[in-house]
>>> print(open('input30.txt').read())   # compact mmCIF, C-alpha atoms
# COMPACT_ATOMS: atom_id res chain seq x y z
CA MET A 1 -19.85 -17.50 15.28
CA MET A 2 -23.19 -15.87 14.56
CA ALA A 3 -26.17 -18.09 13.80
CA PRO A 4 -27.26 -17.96 10.14
CA ASP A 5 -30.81 -16.96 11.10
CA THR A 6 -29.48 -13.94 13.03
CA SER A 7 -27.56 -12.74 10.01
CA GLN A 8 -30.59 -13.30 7.78
CA LYS A 9 -32.82 -11.38 10.18
CA ILE A 10 -30.51 -8.37 10.15
CA ARG A 11 -30.22 -8.40 6.38
CA ARG A 12 -34.02 -8.67 6.01
CA ILE A 13 -34.63 -5.69 8.30
CA LYS A 14 -31.98 -3.66 6.50
CA THR A 15 -33.75 -4.27 3.22
CA GLU A 16 -37.19 -3.41 4.63
CA LEU A 17 -35.96 -0.14 6.17
CA ASN A 18 -33.49 0.78 3.43
CA ALA A 19 -30.88 0.86 6.16
CA LYS A 20 -27.10 0.52 6.03
CA ILE A 21 -24.79 -0.61 8.81
CA LEU A 22 -21.47 1.18 9.12
CA ALA A 23 -18.92 -0.56 11.33
CA HIS A 24 -15.50 0.59 12.44
CA ASN A 25 -12.46 -1.65 12.05
CA TYR A 26 -12.38 -2.02 15.84
CA GLN A 27 -15.80 -3.66 16.04
CA VAL A 28 -15.99 -7.38 16.76
CA ALA A 29 -16.08 -9.80 13.83
CA GLU A 30 -19.81 -10.58 14.21
CA ILE A 31 -20.66 -6.92 13.70
CA GLN A 32 -18.28 -6.56 10.78
CA ASP A 33 -19.79 -9.61 9.09
CA VAL A 34 -23.24 -8.00 8.75
CA ALA A 35 -22.03 -4.46 8.04
CA ASP A 36 -22.42 -2.83 4.64
CA VAL A 37 -19.24 -0.85 5.15
CA VAL A 38 -16.29 -1.64 7.42
CA GLY A 39 -13.51 0.90 7.65
CA ASP A 40 -11.58 3.54 9.50
CA SER A 41 -13.02 6.91 10.48
CA LEU A 42 -12.36 8.50 7.09
CA GLU A 43 -13.83 5.59 5.17
CA LEU A 44 -16.95 5.60 7.34
CA ALA A 45 -17.34 9.37 6.96
CA LEU A 46 -17.12 9.11 3.18
CA ALA A 47 -19.49 6.14 3.12
CA ALA A 48 -22.01 8.00 5.28
CA LYS A 49 -21.98 11.03 2.99
CA ARG A 50 -22.36 8.93 -0.16
CA SER A 51 -25.02 6.57 1.17
CA ASP A 52 -28.45 6.40 -0.44
CA ALA A 53 -29.95 4.70 2.63
CA ASP A 54 -32.75 6.26 4.66
CA ILE A 55 -31.31 4.93 7.92
CA LEU A 56 -27.72 4.57 9.07
CA ILE A 57 -26.75 2.32 11.97
CA VAL A 58 -23.28 3.28 13.17
CA CYS A 59 -21.47 0.53 15.05
CA GLY A 60 -18.64 2.28 16.79
CA VAL A 61 -18.47 5.05 19.36
CA ARG A 62 -20.50 8.20 19.78
CA PHE A 63 -18.37 10.63 17.77
CA MET A 64 -18.73 8.35 14.74
CA ALA A 65 -22.52 8.41 14.94
CA GLU A 66 -22.42 12.19 15.44
CA THR A 67 -20.26 12.52 12.33
CA ALA A 68 -22.65 10.40 10.29
CA LYS A 69 -25.60 12.54 11.41
CA ILE A 70 -23.81 15.81 10.67
CA LEU A 71 -23.04 14.59 7.16
CA ASN A 72 -26.59 13.27 6.67
CA PRO A 73 -29.06 15.65 8.36
CA ASP A 74 -31.98 14.23 6.37
CA LYS A 75 -31.27 10.63 7.36
CA ARG A 76 -32.05 8.92 10.63
CA VAL A 77 -28.85 7.84 12.37
CA PHE A 78 -28.70 5.38 15.24
CA ILE A 79 -26.02 3.98 17.52
CA PRO A 80 -26.59 0.54 19.09
CA VAL A 81 -25.06 1.49 22.46
CA GLN A 82 -25.70 5.04 23.57
CA ASP A 83 -22.91 5.28 26.13
CA ALA A 84 -20.17 3.93 23.84
CA GLY A 85 -17.84 6.89 24.12
CA CYS A 86 -14.20 7.67 23.42
CA PRO A 87 -11.90 8.57 26.33
CA LEU A 88 -9.53 10.21 23.85
CA ALA A 89 -12.28 12.53 22.62
CA ASP A 90 -13.03 13.54 26.21
CA PHE A 91 -9.62 15.22 26.56
CA LEU A 92 -10.73 18.12 24.35
CA THR A 93 -13.51 20.65 24.98
CA PRO A 94 -14.77 23.68 23.00
CA GLU A 95 -13.72 25.86 25.94
CA LEU A 96 -10.14 24.62 25.67
CA ILE A 97 -10.11 25.31 21.93
CA LEU A 98 -11.30 28.88 22.58
CA GLU A 99 -8.58 29.33 25.19
CA TYR A 100 -5.90 28.25 22.71
CA ARG A 101 -7.39 30.39 19.93
CA GLN A 102 -7.13 33.47 22.11
CA LYS A 103 -3.50 32.66 22.91
CA TYR A 104 -2.57 31.89 19.28
CA PRO A 105 -4.86 34.04 17.07
CA ASP A 106 -2.72 33.38 13.96
CA ALA A 107 -3.16 29.60 14.16
CA ALA A 108 -5.59 27.29 12.39
CA VAL A 109 -7.48 24.77 14.52
CA VAL A 110 -7.40 21.15 13.36
CA VAL A 111 -9.31 18.64 15.44
CA TYR A 112 -9.00 14.90 15.16
CA VAL A 113 -12.22 13.15 14.14
CA ASN A 114 -12.04 11.45 17.56
CA SER A 115 -13.74 14.47 19.11
CA SER A 116 -17.21 15.67 20.01
CA ALA A 117 -19.50 17.47 17.58
CA ALA A 118 -19.08 20.60 19.69
CA CYS A 119 -15.29 20.47 19.25
CA LYS A 120 -15.65 19.96 15.51
CA ALA A 121 -17.90 23.02 15.47
CA ALA A 122 -15.15 25.06 17.17
CA ALA A 123 -12.49 23.95 14.66
CA ASP A 124 -11.46 25.14 11.22
CA VAL A 125 -11.13 21.64 9.83
CA VAL A 126 -11.35 18.01 10.96
CA CYS A 127 -8.81 15.28 10.18
CA THR A 128 -8.44 11.54 10.62
CA SER A 129 -5.30 9.54 11.32
CA GLY A 130 -5.24 8.67 7.64
CA ASN A 131 -5.30 12.23 6.30
CA ALA A 132 -3.94 14.34 9.20
CA VAL A 133 -0.64 15.06 7.47
CA SER A 134 -2.22 16.05 4.16
CA ILE A 135 -4.88 18.20 5.88
CA VAL A 136 -2.30 20.13 7.91
CA GLN A 137 -0.03 20.41 4.87
CA SER A 138 -2.88 21.89 2.82
CA LEU A 139 -3.43 24.79 5.22
CA PRO A 140 -1.61 28.09 4.55
CA HIS A 141 -1.02 28.61 8.29
CA LEU A 142 2.44 27.98 9.72
CA ARG A 143 1.05 27.46 13.21
CA ILE A 144 -1.52 24.73 13.88
CA LEU A 145 -3.54 24.06 17.01
CA PHE A 146 -4.11 20.30 17.03
CA GLY A 147 -6.09 18.07 19.39
CA PRO A 148 -6.99 15.96 21.19
CA ASP A 149 -4.39 13.27 20.39
CA ALA A 150 -0.87 14.31 21.40
CA ASN A 151 0.72 11.27 19.76
CA LEU A 152 -0.93 11.92 16.41
CA ALA A 153 0.05 15.58 16.72
CA GLY A 154 3.64 14.52 17.30
CA TYR A 155 3.52 12.30 14.24
CA VAL A 156 2.21 15.18 12.11
CA GLN A 157 4.95 17.46 13.45
CA GLU A 158 7.59 14.94 12.41
CA GLN A 159 6.16 14.78 8.89
CA ILE A 160 5.82 18.56 8.54
CA PRO A 161 8.76 20.10 10.47
CA GLN A 162 8.33 23.45 8.73
CA LYS A 163 5.10 24.05 10.64
CA GLU A 164 4.58 24.49 14.38
CA ILE A 165 2.09 22.03 15.84
CA ILE A 166 0.68 23.14 19.20
CA ILE A 167 -1.05 20.31 21.03
CA MET A 168 -4.43 20.78 22.76
CA PRO A 169 -4.11 19.40 25.45
CA THR A 170 -0.55 18.12 25.85
CA ASP A 171 -1.64 14.85 27.51
CA GLY A 172 -4.41 13.68 25.16
CA HIS A 173 -4.07 10.03 24.17
CA CYS A 174 -5.82 6.77 23.32
CA TYR A 175 -5.25 4.41 26.22
CA VAL A 176 -5.14 1.38 23.91
CA HIS A 177 -2.23 2.72 21.88
CA GLN A 178 -0.56 4.40 24.84
CA GLN A 179 -0.05 1.03 26.56
CA PHE A 180 2.33 -0.39 23.93
CA SER A 181 5.88 -0.76 25.24
CA LEU A 182 9.46 -1.31 24.16
CA GLU A 183 9.06 -4.88 25.42
CA ASP A 184 6.22 -5.39 22.91
CA ILE A 185 8.50 -4.13 20.14
CA ASN A 186 11.35 -6.40 21.23
CA ASN A 187 9.05 -9.42 21.38
CA ALA A 188 7.86 -8.70 17.87
CA ARG A 189 11.42 -8.43 16.58
CA LYS A 190 12.21 -11.89 17.93
CA THR A 191 9.52 -13.36 15.68
CA GLY A 192 10.62 -11.53 12.56
CA GLY A 193 8.45 -9.75 10.03
CA LEU A 194 7.45 -6.09 9.88
CA ILE A 195 5.93 -3.91 12.58
CA LEU A 196 2.97 -1.78 11.51
CA ALA A 197 1.93 0.84 14.08
CA HIS A 198 -0.96 3.29 14.28
CA PRO A 199 0.00 6.99 14.51
CA GLU A 200 -1.86 7.18 17.85
CA CYS A 201 1.03 5.16 19.31
CA PRO A 202 3.65 6.97 21.45
CA LYS A 203 6.77 8.36 19.79
CA LEU A 204 8.97 5.47 20.95
CA ILE A 205 6.68 2.90 19.30
CA ARG A 206 6.33 4.90 16.08
CA HIS A 207 10.09 5.28 15.77
CA LYS A 208 10.75 1.59 16.43
CA ALA A 209 8.05 0.45 13.98
CA ASP A 210 8.77 -0.24 10.31
CA ILE A 211 5.65 1.54 9.07
CA VAL A 212 3.18 3.97 10.68
CA ALA A 213 -0.30 3.99 9.17
CA SER A 214 -4.01 4.35 9.86
CA THR A 215 -6.11 1.19 9.99
CA GLY A 216 -7.43 1.84 6.50
CA LYS A 217 -3.93 2.21 5.10
CA MET A 218 -2.75 -0.90 6.98
CA ILE A 219 -4.98 -2.99 4.74
CA LYS A 220 -3.55 -1.48 1.56
CA ILE A 221 0.03 -1.82 2.77
CA ILE A 222 -0.29 -5.51 3.63
CA GLU A 223 -2.22 -6.20 0.43
CA GLN A 224 0.50 -4.66 -1.72
CA SER A 225 3.45 -6.22 0.12
CA ASP A 226 5.12 -9.61 -0.31
CA GLU A 227 5.98 -9.70 3.40
CA ARG A 228 4.37 -12.71 5.07
CA VAL A 229 4.60 -11.74 8.76
CA TRP A 230 3.09 -8.58 10.23
CA HIS A 231 2.98 -7.29 13.81
CA ILE A 232 0.02 -4.93 14.27
CA PHE A 233 0.22 -2.26 16.95
CA THR A 234 -3.39 -1.17 17.21
CA GLU A 235 -6.70 -2.44 18.61
CA GLU A 236 -7.16 -6.21 18.65
CA ALA A 237 -10.25 -6.29 16.43
CA MET A 238 -8.20 -4.88 13.57
CA VAL A 239 -5.88 -7.85 13.89
CA VAL A 240 -8.88 -10.19 13.55
CA ARG A 241 -10.01 -8.33 10.43
CA LEU A 242 -6.57 -8.46 8.85
CA ARG A 243 -6.36 -12.20 9.49
CA SER A 244 -9.69 -12.61 7.72
CA LEU A 245 -8.61 -10.46 4.77
CA PHE A 246 -5.19 -12.08 4.44
CA PRO A 247 -5.45 -15.74 5.51
CA ASP A 248 -2.19 -16.55 3.71
CA LYS A 249 -0.22 -14.15 5.92
CA LYS A 250 0.70 -14.28 9.58
CA ILE A 251 -0.90 -11.35 11.41
CA ILE A 252 0.22 -10.93 15.01
CA GLY A 253 -1.33 -8.52 17.50
CA VAL A 254 -0.35 -7.23 20.94
CA LYS A 255 -2.05 -8.90 23.90
CA ASP A 256 -4.86 -7.00 25.66
CA ALA A 257 -4.99 -4.16 23.12
CA VAL A 258 -8.74 -3.76 23.57
CA CYS A 259 -10.95 -0.66 23.42
CA LYS A 260 -13.63 -1.25 26.05
CA ASP A 261 -16.04 1.21 24.46
CA MET A 262 -15.77 -0.40 21.04
CA ARG A 263 -16.49 -3.75 22.67
CA LYS A 264 -19.69 -2.47 24.28
CA THR A 265 -21.54 -3.10 21.02
CA THR A 266 -22.67 -6.70 20.66
CA ILE A 267 -24.67 -8.38 17.95
CA GLU A 268 -27.64 -8.37 20.37
CA ASP A 269 -27.33 -4.60 20.73
CA LEU A 270 -27.30 -4.21 16.98
CA ILE A 271 -30.42 -6.37 16.60
CA ARG A 272 -32.27 -4.34 19.24
CA CYS A 273 -31.21 -1.10 17.64
CA ILE A 274 -32.25 -1.98 14.11
CA THR A 275 -35.43 -3.73 15.23
CA ASN A 276 -36.68 -1.01 17.59
CA LEU A 277 -34.88 1.95 15.97
CA GLN A 278 -33.59 3.10 19.34
CA ASN A 279 -30.78 5.47 20.34
CA GLU A 280 -31.32 7.96 17.54
CA MET A 281 -28.63 10.60 17.12
CA GLU A 282 -29.63 14.27 17.20
CA ILE A 283 -27.34 17.29 16.80
CA ASN A 284 -28.03 20.83 18.00
CA LYS A 285 -28.69 23.07 14.97
CA ASP A 286 -25.99 25.64 15.80
CA THR A 287 -23.44 22.90 16.44
CA PHE A 288 -24.46 21.13 13.25
CA VAL A 289 -23.80 24.10 10.93
CA SER A 290 -20.26 24.77 12.14
CA ALA A 291 -19.32 21.12 12.55
CA ARG A 292 -20.59 20.36 9.04
CA ARG A 293 -18.37 23.12 7.66
CA SER A 294 -15.28 21.65 9.35
CA LEU A 295 -16.09 18.12 8.17
CA ASP A 296 -16.83 19.22 4.62
CA ARG A 297 -13.45 20.92 4.45
CA MET A 298 -11.83 17.64 5.44
CA LEU A 299 -13.82 15.61 2.92
CA ASP A 300 -13.22 18.09 0.13
CA ALA A 301 -9.48 17.86 0.77
CA SER A 302 -9.63 14.06 1.03
CA VAL A 303 -11.33 13.50 -2.32
CA SER A 304 -9.56 16.21 -4.27
>>> encode(input="input30.txt", output="structure tokens")
Amino acid sequence: MMAPDTSQKIRRIKTELNAKILAHNYQVAEIQDVADVVGDSLELALAAKRSDADILIVCGVRFMAETAKILNPDKRVFIPVQDAGCPLADFLTPELILEYRQKYPDAAVVVYVNSSAACKAAADVVCTSGNAVSIVQSLPHLRILFGPDANLAGYVQEQIPQKEIIIMPTDGHCYVHQQFSLEDINNARKTGGLILAHPECPKLIRHKADIVASTGKMIKIIEQSDERVWHIFTEEAMVVRLRSLFPDKKIIGVKDAVCKDMRKTTIEDLIRCITNLQNEMEINKDTFVSARRSLDRMLDASVS
């Protein structure tokens, strides 16, 4: 548990700088406790765009800080740990997108928010796990180039069978969600309750789960349900958050479901970042313009 004086120090500095801390659901509890906004990628993107702060501290991985900067070019954006990356995002490159565009010139390019700024700049529109289906559905194109998460692409294809989803690349995945097994499902069934899985999970897990939903939607689903026992198939920190939000319910996670990059950020890193204003995010101007267009299309569709 964080010392009260540490929390007070962070809150004092935030006030002095007119700064806001945005933390992803996969951040450790100490970080979430001092954040102004805790949410999934879509919620953080919307919060970043609506913020009246002069400074944004993004506790998550690099693509999240890039997204915040793209949406707020006039604000200073910082990330506590500069090398907190996303192995899933690394599967996709702008060169690969160009290669697929040339092969399928009639297709629209949808990239998952878990991607670099350069990939967002090469796309037509960005999506999150929470709005991927609605974003793809909103496009007039019957053929969609989708990356970098093959599992999420498969989920979208199942929801929209009338469209052709072409995956870029075919092996893109989040290693945390990819590790879930049939044994994990069977163990959960022995306990009873409902299984709630993230769409980044493999097809087998999604099909065996009771509900498939983004982390943001998981909260709403549990809140609105009378079910008392929930098995959560996503990163462990989300399980901790759900237990905090719903102390009257039994929230069960899967052992060792940990994102190492998300765990790189500690409360000490956050203090150093906000105290020294280090690890500022900068985006190349050409990349910024195109990436902003793709993100704005997503946000316009999400709030309409």
>>> closest_residue(input="input30.txt", among="A:Gln32, A:Asn131, A:Asn284, A:Ser7", to="Gly216 (chain A)", atoms="all atoms listed in the file")
A:Asn131
>>> residues_around(input="input30.txt", residues="Ala121 (chain A)", least_positions_apart="5", cutoff="7 Å", atoms="all atoms listed in the file", output="ChimeraX atom specification")
/A:287,290-291,294
>>> closest_residue(input="input30.txt", among="A:Ile274, A:Leu194, A:Ile144, A:Met281", to="Thr15 (chain A)", atoms="all atoms listed in the file")
A:Ile274
>>> closest_residue(input="input30.txt", among="A:Asp248, A:Asp149, A:Glu236, A:Glu16", to="Leu92 (chain A)", atoms="only C-alpha atoms")
A:Asp149
>>> residues_around(input="input30.txt", residues="Ala89 (chain A)", least_positions_apart="2", cutoff="10 Å", atoms="all atoms listed in the file", output="PyMOL selection string")
chain A and resi 62-63+85-87+91-93+111-116+119+147-149+172-174
>>> atom_distance(input="input30.txt", atom1="CA of Val58 (chain A)", atom2="CA of Arg11 (chain A)")
15.2 Å
>>> residues_around(input="input30.txt", residues="region 175-188 of chain A", least_positions_apart="3", cutoff="8 Å", atoms="all atoms listed in the file", output="list of chain:residue names")
A:Pro87, A:Leu88, A:Thr191, A:Gly192, A:Gly193, A:Ile195, A:His198, A:Glu200, A:Cys201, A:Pro202, A:Leu204, A:Ile205, A:Lys208, A:Ala209, A:His231, A:Phe233, A:Thr234, A:Glu235, A:Val254, A:Ala257, A:Val258, A:Cys259
>>> closest_residue(input="input30.txt", among="A:Ala68, A:Met262, A:Leu196, A:Ala108", to="Val239 (chain A)", atoms="only C-alpha atoms")
A:Leu196
>>> axis_aligned_box(input="input30.txt", around="region 108-124 of chain A", padding_each_side="5 Å", output="lines of an AutoDock Vina configuration file")
center_x = -12.5
center_y = 19.4
center_z = 15.6
size_x = 23.9
size_y = 25.8
size_z = 18.8
>>> residues_around(input="input30.txt", residues="Ile135 (chain A)", least_positions_apart="6", cutoff="10 Å", atoms="all atoms listed in the file", output="VMD selection string")
chain A and resid 110 125 to 128 156 297 to 299 301 to 302
>>> atom_distance(input="input30.txt", atom1="CA of Ser138 (chain A)", atom2="CA of Ala123 (chain A)")
15.4 Å
>>> atom_distance(input="input30.txt", atom1="CA of Lys120 (chain A)", atom2="CA of Thr266 (chain A)")
28.0 Å
>>> residues_around(input="input30.txt", residues="Lys75 (chain A)", least_positions_apart="3", cutoff="8 Å", atoms="only C-alpha atoms", output="tab-separated table (two decimals) with C-alpha atoms, in the frame of the given file")
chain	number	residue	atom	x	y	z
A	53	ALA	CA	-29.95	4.70	2.63
A	54	ASP	CA	-32.75	6.26	4.66
A	55	ILE	CA	-31.31	4.93	7.92
A	56	LEU	CA	-27.72	4.57	9.07
A	69	LYS	CA	-25.60	12.54	11.41
A	72	ASN	CA	-26.59	13.27	6.67
>>> closest_residue(input="input30.txt", among="A:Met168, A:Leu42, A:Ile57, A:Leu96", to="Leu17 (chain A)", atoms="all atoms listed in the file")
A:Ile57
>>> closest_residue(input="input30.txt", among="A:Ile79, A:Ala197, A:Val136, A:Ile31", to="Lys163 (chain A)", atoms="only C-alpha atoms")
A:Val136
>>> residues_near_point(input="input30.txt", point="(-5.8, -9.8, 14.0)", cutoff="12 Å", atoms="all atoms listed in the file", output="VMD selection string")
chain A and resid 25 to 29 215 218 to 219 229 to 247 249 to 255 257 to 258
>>> write_last_selection(input="input30.txt", atoms="C-alpha atoms", output="PDB file, in the frame of the given file")
ATOM      1  CA  ASN A  25     -12.460  -1.650  12.050  1.00  0.00           C
ATOM      2  CA  TYR A  26     -12.380  -2.020  15.840  1.00  0.00           C
ATOM      3  CA  GLN A  27     -15.800  -3.660  16.040  1.00  0.00           C
ATOM      4  CA  VAL A  28     -15.990  -7.380  16.760  1.00  0.00           C
ATOM      5  CA  ALA A  29     -16.080  -9.800  13.830  1.00  0.00           C
ATOM      6  CA  THR A 215      -6.110   1.190   9.990  1.00  0.00           C
ATOM      7  CA  MET A 218      -2.750  -0.900   6.980  1.00  0.00           C
ATOM      8  CA  ILE A 219      -4.980  -2.990   4.740  1.00  0.00           C
ATOM      9  CA  VAL A 229       4.600 -11.740   8.760  1.00  0.00           C
ATOM     10  CA  TRP A 230       3.090  -8.580  10.230  1.00  0.00           C
ATOM     11  CA  HIS A 231       2.980  -7.290  13.810  1.00  0.00           C
ATOM     12  CA  ILE A 232       0.020  -4.930  14.270  1.00  0.00           C
ATOM     13  CA  PHE A 233       0.220  -2.260  16.950  1.00  0.00           C
ATOM     14  CA  THR A 234      -3.390  -1.170  17.210  1.00  0.00           C
ATOM     15  CA  GLU A 235      -6.700  -2.440  18.610  1.00  0.00           C
ATOM     16  CA  GLU A 236      -7.160  -6.210  18.650  1.00  0.00           C
ATOM     17  CA  ALA A 237     -10.250  -6.290  16.430  1.00  0.00           C
ATOM     18  CA  MET A 238      -8.200  -4.880  13.570  1.00  0.00           C
ATOM     19  CA  VAL A 239      -5.880  -7.850  13.890  1.00  0.00           C
ATOM     20  CA  VAL A 240      -8.880 -10.190  13.550  1.00  0.00           C
ATOM     21  CA  ARG A 241     -10.010  -8.330  10.430  1.00  0.00           C
ATOM     22  CA  LEU A 242      -6.570  -8.460   8.850  1.00  0.00           C
ATOM     23  CA  ARG A 243      -6.360 -12.200   9.490  1.00  0.00           C
ATOM     24  CA  SER A 244      -9.690 -12.610   7.720  1.00  0.00           C
ATOM     25  CA  LEU A 245      -8.610 -10.460   4.770  1.00  0.00           C
ATOM     26  CA  PHE A 246      -5.190 -12.080   4.440  1.00  0.00           C
ATOM     27  CA  PRO A 247      -5.450 -15.740   5.510  1.00  0.00           C
ATOM     28  CA  LYS A 249      -0.220 -14.150   5.920  1.00  0.00           C
ATOM     29  CA  LYS A 250       0.700 -14.280   9.580  1.00  0.00           C
ATOM     30  CA  ILE A 251      -0.900 -11.350  11.410  1.00  0.00           C
ATOM     31  CA  ILE A 252       0.220 -10.930  15.010  1.00  0.00           C
ATOM     32  CA  GLY A 253      -1.330  -8.520  17.500  1.00  0.00           C
ATOM     33  CA  VAL A 254      -0.350  -7.230  20.940  1.00  0.00           C
ATOM     34  CA  LYS A 255      -2.050  -8.900  23.900  1.00  0.00           C
ATOM     35  CA  ALA A 257      -4.990  -4.160  23.120  1.00  0.00           C
ATOM     36  CA  VAL A 258      -8.740  -3.760  23.570  1.00  0.00           C
TER      37      VAL A 258
END
